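Asker: Dropping in upload-v1.cif, with mmCIF, C-alpha atoms.
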data_upload
loop_
_atom_site.group_PDB
_atom_site.id
_atom_site.type_symbol
_atom_site.label_atom_id
_atom_site.label_comp_id
_atom_site.auth_asym_id
_atom_site.auth_seq_id
_atom_site.Cartn_x
_atom_site.Cartn_y
_atom_site.Cartn_z
ATOM 1 C CA MET K 14 0.000 0.000 0.000
ATOM 2 C CA THR K 15 1.277 3.447 -0.888
ATOM 3 C CA ASP K 16 1.988 5.898 1.881
ATOM 4 C CA PHE K 17 0.399 9.314 1.488
ATOM 5 C CA SER K 18 1.396 12.586 3.116
ATOM 6 C CA LYS K 19 -0.333 15.802 4.045
ATOM 7 C CA TYR K 20 -0.430 18.151 1.018
ATOM 8 C CA ASP K 21 -0.168 15.333 -1.543
ATOM 9 C CA VAL K 22 -2.424 15.990 -4.526
ATOM 10 C CA VAL K 23 -4.175 12.794 -5.581
ATOM 11 C CA VAL K 24 -6.814 11.575 -7.995
ATOM 12 C CA VAL K 25 -9.775 9.978 -6.218
ATOM 13 C CA LYS K 26 -12.617 7.775 -7.503
ATOM 14 C CA PHE K 27 -15.883 9.625 -6.826
ATOM 15 C CA PRO K 28 -18.786 7.229 -7.390
ATOM 16 C CA PHE K 29 -22.019 8.049 -9.165
ATOM 17 C CA ALA K 30 -24.977 7.585 -6.844
ATOM 18 C CA SER K 31 -26.953 5.447 -9.278
ATOM 19 C CA SER K 32 -24.299 3.080 -10.679
ATOM 20 C CA LEU K 33 -20.990 1.342 -10.142
ATOM 21 C CA LYS K 34 -19.199 3.864 -12.358
ATOM 22 C CA TYR K 35 -17.090 6.708 -11.036
ATOM 23 C CA LYS K 36 -15.417 9.946 -12.061
ATOM 24 C CA ALA K 37 -11.789 10.643 -11.317
ATOM 25 C CA ARG K 38 -11.416 13.924 -9.402
ATOM 26 C CA PRO K 39 -8.414 15.709 -7.858
ATOM 27 C CA ALA K 40 -8.136 16.257 -4.114
ATOM 28 C CA VAL K 41 -5.497 17.190 -1.565
ATOM 29 C CA ILE K 42 -4.738 15.175 1.552
ATOM 30 C CA ILE K 43 -5.305 17.330 4.646
ATOM 31 C CA SER K 44 -4.967 14.752 7.433
ATOM 32 C CA SER K 45 -1.933 15.073 9.686
ATOM 33 C CA PRO K 46 1.083 12.747 9.525
ATOM 34 C CA THR K 47 -0.026 11.203 12.841
ATOM 35 C CA TYR K 48 -3.516 10.497 11.483
ATOM 36 C CA ASN K 49 -2.092 9.113 8.232
ATOM 37 C CA GLN K 50 0.219 6.723 10.101
ATOM 38 C CA THR K 51 -2.251 5.544 12.738
ATOM 39 C CA SER K 52 -5.601 5.407 10.935
ATOM 40 C CA ARG K 53 -6.436 1.977 9.630
ATOM 41 C CA ASN K 54 -7.142 2.743 6.006
ATOM 42 C CA SER K 55 -8.602 6.237 5.731
ATOM 43 C CA LEU K 56 -7.464 9.765 4.887
ATOM 44 C CA LEU K 57 -9.017 13.209 5.152
ATOM 45 C CA ILE K 58 -9.139 15.044 1.838
ATOM 46 C CA LEU K 59 -10.320 18.356 0.459
ATOM 47 C CA ALA K 60 -11.703 18.580 -3.076
ATOM 48 C CA ILE K 61 -9.945 20.525 -5.824
ATOM 49 C CA SER K 62 -11.818 21.905 -8.835
ATOM 50 C CA SER K 63 -10.889 23.568 -12.118
ATOM 51 C CA GLN K 64 -14.281 25.325 -12.078
ATOM 52 C CA THR K 65 -12.722 28.543 -10.796
ATOM 53 C CA GLU K 66 -15.656 30.734 -11.823
ATOM 54 C CA ASN K 67 -17.772 29.083 -9.107
ATOM 55 C CA LYS K 68 -15.296 29.959 -6.304
ATOM 56 C CA LEU K 69 -16.870 30.844 -2.954
ATOM 57 C CA SER K 70 -15.346 33.617 -0.835
ATOM 58 C CA MET K 71 -13.901 31.106 1.682
ATOM 59 C CA GLU K 72 -12.260 29.020 -1.048
ATOM 60 C CA ALA K 73 -8.715 29.670 -2.307
ATOM 61 C CA TYR K 74 -6.815 29.483 -5.580
ATOM 62 C CA VAL K 75 -4.083 26.901 -6.141
ATOM 63 C CA TYR K 76 -1.452 29.270 -7.523
ATOM 64 C CA ASP K 77 1.253 26.679 -8.198
ATOM 65 C CA TRP K 78 -1.152 24.255 -9.860
ATOM 66 C CA LYS K 79 1.388 22.901 -12.373
ATOM 67 C CA GLU K 80 3.842 22.073 -9.559
ATOM 68 C CA ALA K 81 1.013 20.209 -7.803
ATOM 69 C CA GLY K 82 0.505 18.071 -10.921
ATOM 70 C CA LEU K 83 -2.837 19.614 -11.889
ATOM 71 C CA LEU K 84 -3.759 20.078 -15.551
ATOM 72 C CA LYS K 85 -5.601 23.398 -15.209
ATOM 73 C CA PRO K 86 -5.822 26.433 -12.931
ATOM 74 C CA SER K 87 -7.756 25.232 -9.890
ATOM 75 C CA ILE K 88 -9.240 26.114 -6.526
ATOM 76 C CA PHE K 89 -9.423 24.435 -3.137
ATOM 77 C CA LYS K 90 -13.114 23.671 -2.601
ATOM 78 C CA SER K 91 -14.756 23.941 0.816
ATOM 79 C CA SER K 92 -15.617 20.242 0.732
ATOM 80 C CA ILE K 93 -13.887 17.856 3.170
ATOM 81 C CA ALA K 94 -14.313 14.078 3.112
ATOM 82 C CA THR K 95 -12.984 10.956 4.768
ATOM 83 C CA ILE K 96 -12.037 8.353 2.194
ATOM 84 C CA GLU K 97 -10.582 4.874 2.110
ATOM 85 C CA LYS K 98 -7.049 4.753 0.707
ATOM 86 C CA ASP K 99 -8.098 2.245 -1.954
ATOM 87 C CA VAL K 100 -10.210 4.857 -3.810
ATOM 88 C CA ILE K 101 -7.059 6.815 -4.650
ATOM 89 C CA LEU K 102 -6.063 6.173 -8.244
ATOM 90 C CA THR K 103 -2.743 8.037 -8.339
ATOM 91 C CA ARG K 104 -0.616 10.713 -6.727
ATOM 92 C CA LEU K 105 -0.121 13.759 -8.977
ATOM 93 C CA GLY K 106 2.272 15.843 -6.909
ATOM 94 C CA THR K 107 2.575 17.932 -3.767
ATOM 95 C CA LEU K 108 1.454 21.476 -2.938
ATOM 96 C CA SER K 109 4.074 24.211 -2.918
ATOM 97 C CA LYS K 110 4.889 25.757 0.454
ATOM 98 C CA ASN K 111 2.839 28.868 -0.442
ATOM 99 C CA ASP K 112 -0.201 26.834 -1.490
ATOM 100 C CA ALA K 113 0.087 24.652 1.643
ATOM 101 C CA GLU K 114 0.061 27.795 3.795
ATOM 102 C CA ARG K 115 -2.921 29.173 1.843
ATOM 103 C CA LEU K 116 -4.771 25.880 2.342
ATOM 104 C CA ASP K 117 -4.043 25.859 6.088
ATOM 105 C CA SER K 118 -5.313 29.426 6.361
ATOM 106 C CA MET K 119 -8.489 28.497 4.488
ATOM 107 C CA LEU K 120 -9.039 25.461 6.751
ATOM 108 C CA GLY K 121 -8.522 27.647 9.818
ATOM 109 C CA GLY K 122 -11.355 29.861 8.624
ATOM 110 C CA MET K 123 -13.623 26.877 7.939
ATOM 111 C CA CYS K 124 -13.114 24.819 11.092
#
Please, can you express the file's structure as structure tokens?

Answerer:
Amino acid sequence: MTDFSKYDVVVVKFPFASSLKYKARPAVIISSPTYNQTSRNSLLILAISSQTENKLSMEAYVYDWKEAGLLKPSIFKSSIATIEKDVILTRLGTLSKNDAERLDSMLGGMC
């Protein structure tokens, strides 16, 4: 099993409600190193979207999106989920220090 770290950008299988099919969507791991090492098989993630025109005031831009492995300019969505590690398809990259700080600031305002 692959080890994942806080600020890793991953592609996650998001299932359709009415079928066994899924869409692959980017997300960033937000759970702490302690959580990631001690939880049985789950991670906390925050959704990432390229639909930047729908950005809410509490959401933040991913400025170094290419460095993170994303294909398009993107935003951190205000959507947090707990997922099983086996729904992660691949790791794209890692957030830059500036984007990690921006994400932490956004989370501080949400939680």

Asker: Output the residue selection produced by the PyMOL selection byres ((chain K and resi 47-52) around 9) on the file above, formatted as number ranges by chain.

Answerer: K: 16-19, 44-46, 53-57

Asker: What residues come out when you apply the PyMOL selection byres ((chain K and resi 61-63) around 8) to this file, written as a PyMOL selection string?

Answerer: chain K and resi 38-41+59-60+64-65+85-90

Asker: I'd like the residues picked by the PyMOL selection byres ((chain K and resi 120) around 12) written out as number ranges by chain, using the chain letters and numbers from the file.

Answerer: K: 43-44, 58-59, 71-73, 89-93, 113-119, 121-124

Asker: CA of Gly82 (chain K) and CA of Ser109 (chain K) are how many Å apart?

Answerer: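 Value for the CA of Gly82 (chain K)-CA of Ser109 (chain K) distance: 10.7 Å.
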
Asker: Would you work out the distance separating CA of Leu33 (chain K) from CA of Gly106 (chain K), expressed in Å to one decimal?

Answerer: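 CA of Leu33 (chain K) sits 27.6 Å away from CA of Gly106 (chain K).
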
Asker: Record the distance separating CA of Ile101 (chain K) and CA of Lys79 (chain K), expressed in Å with one decimal.

Answerer: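 Computed distance, CA of Ile101 (chain K) to CA of Lys79 (chain K), equals 19.7 Å.
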
Asker: Report, as lines of an AutoDock Vina configuration file, the axis-aligned box around all atoms of region 74-85 of chain K present in the file, extended by 4 Å on each side; give centre and edge lengths in Å to one decimal place.

Answerer:
center_x = -1.5
center_y = 23.8
center_z = -10.6
size_x = 18.7
size_y = 19.4
size_z = 18.0

Asker: Between K:Lys34, K:Ile42, K:Tyr76, K:Asn67, which residue has the minimum interatomic distance to Leu105 (chain K), considering only C-alpha atoms?

Answerer: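 Ranked by minimum distance to Leu105 (chain K), first place goes to K:Ile42.
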
Asker: From the list K:Glu66, K:Asp21, K:Lys26, K:Thr95, which residue is nearest Ala81 (chain K) when using all atoms listed in the file?

Answerer: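 Nearest candidate to Ala81 (chain K) out of K:Glu66, K:Asp21, K:Lys26, K:Thr95: K:Asp21.
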